[in-house]
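Trainee: Right, I'll just put the structure down here and ask away after.
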Amino acid sequence: MAVIKPFKSLRPKEEFVARISSLPYDIIGWEKAREIIDINPDSFLRVIKPEAALEQGVKKTNLQLAKIGAKSLQEFIERKVFIREDKDCFYLYCQSNNLYYRIGLVACLSVKDYLKGIIKRHENVNVKTYQGRVSHIKTSKTHTGCILVVYKSNKNIENLIAEATINKNIIYSFQSDDGIENVCWKIDQKEIIQFLIKSFQPIDSLYIADGHHRAAAAVEVSQLIELEKKKDKGGDTDNAKEHMYFPAVLIPHTQIRILAYHRLINVASDFDQKDFLAKLQKIVHLTQLVSDTPFLPTEKNEFGMNISGKWYRLKLKDDILNKQNDSIIDRLDVSLLQNLVLKPLLGIRNPQKDDRLEFIGGEDALVSINEKAKQRTFIIFTLFPTSIDDVIEVSERKQVMPPKSTWFEPKVRSGIFLHPFNDE
C-alpha cells in the first residue's frame with residue numbers, strides 16, 4: 001500500500017517562480033551554473049548548487065557548502081520571495097511543449113515505504129554525491145527538490161487529477177529557461193485530498209525515475225534525526241513528524257519520456273580502425289550511411305556509430321543475441337554495447353572510471369555529438385532509449401541498471417515545491 005501525504009509547502013510567490021526555479025543540481029556543470037547565477041541572482045542554484053556561487057577552484061567541505069546553501073535559502077525567505085502554506089495541500093504539476101505532455105501529483109512519500117521496498121529504485125548512488133545531499137538536507141532542514149516517481153497507469157487516479165484541474169486553481173504558469181511550459185495547481189479541498197490518498201492505497205509499488213540521491217539522502221537524514229531523538233528522549237519517536245516524509249512528483253508510466261545516453265570513446269592516434277571494423281563485423285550487420293546526420297536507432301539491438309566522420313548503422317546479429325544471458329540487465333542495449341563492443345574491442349572495462357569514455361544525454365545531445373564527430377578523434381555510439389517497462393522490471397527484481405542507462409525528460413524543476421521540517 002503506497003502512502004501519500006499532503007504537506008505545507010514552502011514555495012515562491014507567483015511573481016518570482018520563473019526566476020527562482022532551476023534545473024536540478026546534478027545535471028548542470030559548475031561553469032553553466034555560475035553563468036546562470038551571474039545573469040539571475042535569484043536562481044535556486046544558489047541553494048542547491050552553492051559551489052557555483054564561489055570562485056572556480058575554491059574548495060569547501062560538504063558541511064560548508066550546505067551552510068552556504070542554507071544561508072541563501074534563508075535570505076530568500078527573509079526577502080519574502082517564498083510563502084509557506086498554512087494548511088496541508090497536494091499540488092498538480094504539468095510540463096509540456098510541442099512534443100510531449102505530462103501531469104503529476106506533488107505529494108510527500110513515506111520514508112517507511114522506501115525502507116519496506118514499496119518505493120523501488122533502479123540505480124546505485126554515488127557516495128560523494130549522496131553525502132553532499134545528506135549535509136544539504138540536514139543543515140537546511142528542508143527537502144529542496146522533488147524526486148520523479150512513476151506509478152503504473154491508473155485510470156481512477158488520472159481521472160481524478162484531470163477533474164482537479166477543472167477548478168482553475170492555478171498558482172503558476174510560466175515558461176522555464178529550458179523552453180518547457182510549467183503549470184501548477186493547488187489542491188486544498190479536503191474531499192479531493194482524501195480521494196487521492198485512498199486512490200493510491202491499492203498501489204503496491206512506486207518507482208524512482210530521477211532523484212535516487214535525493215531520496216536516499218532524505219531517508220538517511222530521517223534516520224539520523226530518529227536516532228538523535230531516541231538519545232534525547234528514549235523510547236520510540238513520533239513517526240508522524242515531517243522528517244519521515246519527502247516530496248515527489250508522481251507520474252503515470254504512460255506519460256514518462258526517456259531519452260538515450262550515448263557513448264563517446266576518445267581513441268589514440270595509432271588506433272587501428274581497419275582491425276576494429278573487421279572484428280565489429282563479426283557481431284553486427286554494418287551499413288555505412290550516406291548522410292552525415294547522426295543516425296538515431298529506431299529499435300532495440302540497433303546502434304548508430306560514427307568513426308572518422310562517417311556514420312554507420314549497426315544491428316546485432318541474431319546468433320550473437322541468442323548466446324547472451326537472458327537476464328533483464330544483460331539484455332539492455334547499454335549492457336550489450338558494453339559487453340560486446342566497448343569492453344572486448346575497445347578495452348573499456350570500467351565505464352564509471354575510464355577517462356576515455358564520455359556520456360551524452362538530453363535534448364541537446366545531437367548538438368554535442370555533431371561537434372565531437374567533426375573532431376574525428378572519437379568513436380561515437382548512439383543508442384535506442386531504455387523503455388519504462390525495462391526500468392519497472394529491473395526495479396521489481398531489485399536489480400540495478402548500468403550507469404547512464406536512462407535520461408528522463410523533462411526534468412522536474414527545483415525550487416518550486418519545498419518541504420521544510422524545521423518547525424517540528
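So you can find residues: chains in the C-alpha cells are A, B, ... in the order shown, residues in each start at 1, and ligands are numbered from 1 in order.
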Would you list the contacts of Arg79 of chain A as a PDB file with N, CA and C atoms, in the first residue's frame, taking every protein, DNA or RNA residue within 12 Å and counting only C-alpha atoms, but skipping same-chain residues closer than 3 positions in sequence?
Mentor:
```pdb
ATOM      1  N   PRO A  12       7.678  29.607  -4.001  1.00  0.00           N
ATOM      2  CA  PRO A  12       7.858  31.000  -4.403  1.00  0.00           C
ATOM      3  C   PRO A  12       6.519  31.706  -4.624  1.00  0.00           C
ATOM      4  N   LYS A  13       6.532  32.990  -4.384  1.00  0.00           N
ATOM      5  CA  LYS A  13       5.386  33.793  -4.811  1.00  0.00           C
ATOM      6  C   LYS A  13       5.311  33.733  -6.330  1.00  0.00           C
ATOM      7  N   PHE A  16       7.760  35.460  -8.614  1.00  0.00           N
ATOM      8  CA  PHE A  16       9.178  35.089  -8.562  1.00  0.00           C
ATOM      9  C   PHE A  16       9.471  33.706  -9.139  1.00  0.00           C
ATOM     10  N   ASP A  42      18.660  35.355  -8.524  1.00  0.00           N
ATOM     11  CA  ASP A  42      17.549  34.703  -7.830  1.00  0.00           C
ATOM     12  C   ASP A  42      17.426  33.220  -8.160  1.00  0.00           C
ATOM     13  N   SER A  72      21.578  30.956   1.815  1.00  0.00           N
ATOM     14  CA  SER A  72      20.905  31.526   0.643  1.00  0.00           C
ATOM     15  C   SER A  72      19.405  31.302   0.722  1.00  0.00           C
ATOM     16  N   LEU A  73      18.996  30.112   1.163  1.00  0.00           N
ATOM     17  CA  LEU A  73      17.567  29.831   1.313  1.00  0.00           C
ATOM     18  C   LEU A  73      16.951  30.766   2.349  1.00  0.00           C
ATOM     19  N   GLN A  74      17.638  30.967   3.455  1.00  0.00           N
ATOM     20  CA  GLN A  74      17.124  31.853   4.493  1.00  0.00           C
ATOM     21  C   GLN A  74      17.007  33.288   3.986  1.00  0.00           C
ATOM     22  N   GLU A  75      17.955  33.714   3.152  1.00  0.00           N
ATOM     23  CA  GLU A  75      17.887  35.052   2.565  1.00  0.00           C
ATOM     24  C   GLU A  75      16.663  35.197   1.671  1.00  0.00           C
ATOM     25  N   PHE A  76      16.360  34.156   0.891  1.00  0.00           N
ATOM     26  CA  PHE A  76      15.149  34.180   0.068  1.00  0.00           C
ATOM     27  C   PHE A  76      13.908  34.345   0.946  1.00  0.00           C
ATOM     28  N   PHE A  82       9.569  33.633  -0.835  1.00  0.00           N
ATOM     29  CA  PHE A  82       8.809  32.398  -0.635  1.00  0.00           C
ATOM     30  C   PHE A  82       7.659  32.639   0.325  1.00  0.00           C
ATOM     31  N   ILE A  83       6.619  31.841   0.157  1.00  0.00           N
ATOM     32  CA  ILE A  83       5.498  31.822   1.094  1.00  0.00           C
ATOM     33  C   ILE A  83       5.338  30.410   1.628  1.00  0.00           C
TER      34      ILE A  83
END
```
Trainee: Do you know which residues are at most 8 Å from Leu418 of chain A counting only C-alpha atoms, after dropping those on the same chain fewer than 5 positions away, and could you put them as a list of chain:residue names?
Mentor: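 After dropping sequence-adjacent residues, the list is A:Ser9, A:Leu10, A:Arg11, A:Thr142, A:His143, A:Thr144, A:Gly145, A:Cys146, A:Pro247.
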Trainee: Taking the DSSP secondary structure from the backbone, can you list the residues of segment 4-96 of chain A that are helix (DSSP H, G or I), as a VMD selection string?
Mentor: chain A and resid 17 to 20 25 to 27 30 to 39 45 to 48 50 to 53 62 to 78
Trainee: Mind dumping the selected residues with C-alpha atoms as an mmCIF file, in the first residue's frame?
Mentor:
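That gives us again36.cif:
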```cif
data_model
loop_
_atom_site.group_PDB
_atom_site.id
_atom_site.type_symbol
_atom_site.label_atom_id
_atom_site.label_comp_id
_atom_site.auth_asym_id
_atom_site.auth_seq_id
_atom_site.Cartn_x
_atom_site.Cartn_y
_atom_site.Cartn_z
ATOM 1 C CA VAL A 17 8.670 31.470 -9.633
ATOM 2 C CA ALA A 18 10.090 31.795 -13.165
ATOM 3 C CA ARG A 19 13.307 33.371 -11.827
ATOM 4 C CA ILE A 20 13.637 31.069 -8.823
ATOM 5 C CA TYR A 25 21.818 20.369 -9.246
ATOM 6 C CA ASP A 26 23.116 17.111 -10.698
ATOM 7 C CA ILE A 27 22.640 17.720 -14.430
ATOM 8 C CA TRP A 30 29.824 24.407 -12.462
ATOM 9 C CA GLU A 31 30.509 26.748 -15.376
ATOM 10 C CA LYS A 32 26.930 26.717 -16.660
ATOM 11 C CA ALA A 33 25.527 27.083 -13.149
ATOM 12 C CA ARG A 34 27.846 30.024 -12.472
ATOM 13 C CA GLU A 35 26.763 31.657 -15.725
ATOM 14 C CA ILE A 36 23.095 31.294 -14.749
ATOM 15 C CA ILE A 37 23.670 32.726 -11.266
ATOM 16 C CA ASP A 38 25.616 35.686 -12.671
ATOM 17 C CA ILE A 39 22.719 36.523 -15.003
ATOM 18 C CA LEU A 45 21.003 27.045 -7.922
ATOM 19 C CA ARG A 46 22.359 29.327 -5.183
ATOM 20 C CA VAL A 47 20.661 26.982 -2.716
ATOM 21 C CA ILE A 48 21.127 23.547 -4.298
ATOM 22 C CA PRO A 50 26.211 26.703 -3.762
ATOM 23 C CA GLU A 51 29.674 25.884 -5.115
ATOM 24 C CA ALA A 52 28.656 27.659 -8.328
ATOM 25 C CA ALA A 53 28.430 30.945 -6.416
ATOM 26 C CA ASN A 62 30.068 19.232 2.219
ATOM 27 C CA LEU A 63 29.079 20.872 5.502
ATOM 28 C CA GLN A 64 30.481 24.256 4.470
ATOM 29 C CA LEU A 65 28.622 24.111 1.158
ATOM 30 C CA ALA A 66 25.452 23.040 2.943
ATOM 31 C CA LYS A 67 25.694 26.047 5.253
ATOM 32 C CA ILE A 68 26.159 28.399 2.285
ATOM 33 C CA GLY A 69 23.100 26.898 0.568
ATOM 34 C CA ALA A 70 21.041 27.098 3.766
ATOM 35 C CA LYS A 71 22.033 30.746 4.211
ATOM 36 C CA SER A 72 20.905 31.526 0.643
ATOM 37 C CA LEU A 73 17.567 29.831 1.313
ATOM 38 C CA GLN A 74 17.124 31.853 4.493
ATOM 39 C CA GLU A 75 17.887 35.052 2.565
ATOM 40 C CA PHE A 76 15.149 34.180 0.068
ATOM 41 C CA ILE A 77 12.717 33.638 2.943
ATOM 42 C CA GLU A 78 13.675 36.913 4.649
#
```
Trainee: So which residues touch Gln324 of chain A within 10 Å, counting only C-alpha atoms, skipping near sequence neighbours fewer than 4 positions away, as number ranges by chain?
Mentor: A: 319-320, 330-331, 336, 339-340
Trainee: Which distance in Å separates atom CA of Ser395 of chain A and atom CA of Asp113 of chain A, to one decimal?
Mentor: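 Interatomic distance here is 14.5 Å.
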Trainee: Give me the residues near Gly211 of chain A as a list in words, where near means some atom within 10 Å (using only C-alpha atoms) and where sequence neighbours in that chain fewer than 6 positions away do not count.
Mentor: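 That gives Pro24, Asp26, Arg121, Glu123, Val125, Gly145, Cys146, Ile147, Leu148, Val149, Ala217, Ala248 and Val412 of chain A.
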Trainee: When you look at Leu224 of chain A with a cut-off of 12 Å (counting only C-alpha atoms), what residues show up, excluding the ones that are within fewer than 2 positions of it in the same chain? I need them as a ChimeraX atom specification.
Mentor: /A:134-135,137-138,217-222,226-231,243-244
Trainee: Residues of the last selection are to be written out with C-alpha atoms, as a compact mmCIF listing (two decimals), in the first residue's frame.
Mentor:
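This is the output file selection.txt:
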```txt
# COMPACT_ATOMS: atom_id res chain seq x y z
CA VAL A 134 22.73 14.43 3.32
CA SER A 135 24.62 17.50 4.54
CA ILE A 137 19.11 18.37 3.75
CA LYS A 138 20.24 18.05 7.37
CA ALA A 217 19.68 11.21 1.44
CA ALA A 218 16.20 12.10 2.73
CA VAL A 219 15.90 8.63 4.23
CA GLU A 220 19.36 8.87 5.81
CA VAL A 221 18.60 12.27 7.37
CA SER A 222 15.30 10.94 8.72
CA GLU A 226 15.29 9.49 14.76
CA LEU A 227 18.50 8.34 16.44
CA GLU A 228 19.07 11.78 17.91
CA LYS A 229 15.51 11.92 19.25
CA LYS A 230 15.83 8.49 20.85
CA LYS A 231 19.04 9.52 22.59
CA HIS A 243 11.14 14.40 8.57
CA MET A 244 9.59 10.98 7.97
```
Trainee: What are the DSSP strand (DSSP E) residues of segment 241-321 of chain A, as an MDAnalysis selection string?
Mentor: chainID A and resid 245:252 258:259 262:266 284:288 302:307 310:316
Trainee: Could you write those residues out with N, CA and C atoms, as an mmCIF file, in the first residue's frame?
Mentor:
```cif
data_model
loop_
_atom_site.group_PDB
_atom_site.id
_atom_site.type_symbol
_atom_site.label_atom_id
_atom_site.label_comp_id
_atom_site.auth_asym_id
_atom_site.auth_seq_id
_atom_site.Cartn_x
_atom_site.Cartn_y
_atom_site.Cartn_z
ATOM 1 N N TYR A 245 8.962 12.063 5.883
ATOM 2 C CA TYR A 245 8.397 12.145 4.534
ATOM 3 C C TYR A 245 9.276 13.017 3.652
ATOM 4 N N PHE A 246 9.201 12.800 2.358
ATOM 5 C CA PHE A 246 9.945 13.629 1.404
ATOM 6 C C PHE A 246 9.094 13.831 0.152
ATOM 7 N N PRO A 247 9.264 14.961 -0.564
ATOM 8 C CA PRO A 247 8.360 15.316 -1.660
ATOM 9 C C PRO A 247 8.727 14.654 -2.989
ATOM 10 N N ALA A 248 7.702 14.385 -3.765
ATOM 11 C CA ALA A 248 7.896 13.742 -5.074
ATOM 12 C C ALA A 248 6.821 14.226 -6.039
ATOM 13 N N VAL A 249 7.127 14.110 -7.321
ATOM 14 C CA VAL A 249 6.129 14.292 -8.373
ATOM 15 C C VAL A 249 5.814 12.907 -8.919
ATOM 16 N N LEU A 250 4.565 12.478 -8.792
ATOM 17 C CA LEU A 250 4.148 11.133 -9.181
ATOM 18 C C LEU A 250 3.495 11.176 -10.553
ATOM 19 N N ILE A 251 4.082 10.418 -11.486
ATOM 20 C CA ILE A 251 3.665 10.431 -12.889
ATOM 21 C C ILE A 251 3.254 9.026 -13.323
ATOM 22 N N PRO A 252 2.146 8.867 -14.065
ATOM 23 C CA PRO A 252 1.817 7.535 -14.610
ATOM 24 C C PRO A 252 2.857 7.101 -15.626
ATOM 25 N N ILE A 258 11.682 8.857 -21.892
ATOM 26 C CA ILE A 258 13.078 8.528 -21.632
ATOM 27 C C ILE A 258 13.893 8.736 -22.905
ATOM 28 N N LEU A 259 14.988 9.443 -22.788
ATOM 29 C CA LEU A 259 15.928 9.615 -23.889
ATOM 30 C C LEU A 259 17.152 8.738 -23.647
ATOM 31 N N HIS A 262 24.107 8.420 -24.887
ATOM 32 C CA HIS A 262 25.012 7.965 -25.934
ATOM 33 C C HIS A 262 26.442 7.871 -25.407
ATOM 34 N N ARG A 263 27.271 7.097 -26.087
ATOM 35 C CA ARG A 263 28.648 6.843 -25.658
ATOM 36 C C ARG A 263 29.653 7.402 -26.658
ATOM 37 N N LEU A 264 30.695 8.054 -26.128
ATOM 38 C CA LEU A 264 31.792 8.560 -26.955
ATOM 39 C C LEU A 264 33.108 8.037 -26.374
ATOM 40 N N ILE A 265 33.950 7.493 -27.241
ATOM 41 C CA ILE A 265 35.231 6.964 -26.803
ATOM 42 C C ILE A 265 36.354 7.725 -27.497
ATOM 43 N N ASN A 266 37.206 8.316 -26.707
ATOM 44 C CA ASN A 266 38.363 9.039 -27.231
ATOM 45 C C ASN A 266 39.440 8.022 -27.578
ATOM 46 N N VAL A 284 27.987 -7.720 -35.755
ATOM 47 C CA VAL A 284 26.893 -6.848 -36.194
ATOM 48 C C VAL A 284 26.802 -6.841 -37.719
ATOM 49 N N HIS A 285 25.605 -6.503 -38.195
ATOM 50 C CA HIS A 285 25.431 -6.150 -39.599
ATOM 51 C C HIS A 285 25.787 -4.667 -39.707
ATOM 52 N N LEU A 286 26.793 -4.345 -40.489
ATOM 53 C CA LEU A 286 27.339 -2.994 -40.561
ATOM 54 C C LEU A 286 26.978 -2.347 -41.889
ATOM 55 N N THR A 287 26.290 -1.207 -41.828
ATOM 56 C CA THR A 287 25.882 -0.500 -43.037
ATOM 57 C C THR A 287 26.371 0.937 -42.988
ATOM 58 N N GLN A 288 27.214 1.327 -43.950
ATOM 59 C CA GLN A 288 27.666 2.715 -43.992
ATOM 60 C C GLN A 288 26.559 3.581 -44.575
ATOM 61 N N GLU A 302 19.801 -2.069 -31.996
ATOM 62 C CA GLU A 302 20.301 -1.296 -33.123
ATOM 63 C C GLU A 302 21.100 -0.121 -32.568
ATOM 64 N N PHE A 303 22.210 0.219 -33.234
ATOM 65 C CA PHE A 303 23.065 1.302 -32.778
ATOM 66 C C PHE A 303 23.511 2.151 -33.962
ATOM 67 N N GLY A 304 23.802 3.413 -33.674
ATOM 68 C CA GLY A 304 24.489 4.240 -34.651
ATOM 69 C C GLY A 304 25.951 4.321 -34.263
ATOM 70 N N MET A 305 26.820 4.509 -35.238
ATOM 71 C CA MET A 305 28.248 4.651 -34.937
ATOM 72 C C MET A 305 28.868 5.654 -35.882
ATOM 73 N N ASN A 306 29.671 6.544 -35.332
ATOM 74 C CA ASN A 306 30.450 7.467 -36.146
ATOM 75 C C ASN A 306 31.923 7.203 -35.886
ATOM 76 N N ILE A 307 32.648 6.974 -36.958
ATOM 77 C CA ILE A 307 34.088 6.771 -36.854
ATOM 78 C C ILE A 307 34.743 7.481 -38.032
ATOM 79 N N LYS A 310 32.375 9.320 -40.423
ATOM 80 C CA LYS A 310 31.387 8.571 -41.200
ATOM 81 C C LYS A 310 30.400 7.873 -40.269
ATOM 82 N N TRP A 311 29.122 7.910 -40.674
ATOM 83 C CA TRP A 311 28.075 7.289 -39.873
ATOM 84 C C TRP A 311 27.730 5.894 -40.402
ATOM 85 N N TYR A 312 27.477 4.977 -39.446
ATOM 86 C CA TYR A 312 27.113 3.596 -39.762
ATOM 87 C C TYR A 312 25.891 3.197 -38.941
ATOM 88 N N ARG A 313 25.126 2.273 -39.509
ATOM 89 C CA ARG A 313 24.051 1.619 -38.759
ATOM 90 C C ARG A 313 24.548 0.246 -38.357
ATOM 91 N N LEU A 314 24.414 -0.093 -37.059
ATOM 92 C CA LEU A 314 24.840 -1.379 -36.541
ATOM 93 C C LEU A 314 23.611 -2.146 -36.052
ATOM 94 N N LYS A 315 23.496 -3.393 -36.462
ATOM 95 C CA LYS A 315 22.410 -4.247 -35.982
ATOM 96 C C LYS A 315 23.020 -5.557 -35.512
ATOM 97 N N LEU A 316 22.812 -5.871 -34.229
ATOM 98 C CA LEU A 316 23.393 -7.092 -33.680
ATOM 99 C C LEU A 316 22.848 -8.323 -34.395
#
```
Trainee: Considering only C-alpha atoms, state which residue in the set A:Asn124, A:Gln223, A:Ser414, A:Asn169 is at the smallest distance from Lys49 of chain A.
Mentor: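 The shortest atom-to-atom distance to Lys49 of chain A comes from A:Ser414.
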Trainee: Contacts of Asn97 of chain A at 12 Å or less, counting only C-alpha atoms, minus same-chain residues fewer than 5 places along, as a list in words?
Mentor: Arg102, Phe174, Gln175, Ser176, Asp178, Gly179, Ile180, Glu181, Asn182, Val183, Glu409 and Pro410 of chain A
Trainee: Report, in Å with one decimal, the straight-line distance from atom CA of Lys116 of chain A to atom CA of His212 of chain A.
Mentor: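 Answer for the atom CA of Lys116 of chain A to atom CA of His212 of chain A separation: 15.8 Å.
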Trainee: Between A:Lys120, A:Lys190, A:Arg349, A:Lys87, which has the minimum distance to Val391 of chain A (counting only C-alpha atoms)?
Mentor: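 Of A:Lys120, A:Lys190, A:Arg349, A:Lys87, the one nearest Val391 of chain A, counting only C-alpha atoms, is A:Lys120.
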Trainee: Point out the residue among A:Lys5, A:Lys353, A:Arg84, A:His136 with the least atom-to-atom distance to Lys198 of chain A, counting only C-alpha atoms.
Mentor: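 Nearest to Lys198 of chain A: A:Lys5.
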Trainee: Please determine, counting only C-alpha atoms, which residue among A:Pro294, A:Ile328, A:Leu337, A:Leu342 has the shortest atom-to-atom distance to Lys372 of chain A.
Mentor: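 Among the listed residues, A:Pro294 lies closest to Lys372 of chain A.
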Trainee: For a test of reading the model, state the distance in Å between atom CA of Asn422 of chain A and atom CA of Leu92 of chain A, rounded to one decimal.
Mentor: 24.4 Å
Trainee: From the options A:Ile392, A:Leu54, A:Ile193, A:Leu206, which residue's atoms come nearest to Gly117 of chain A, counting only C-alpha atoms?
Mentor: A:Leu206
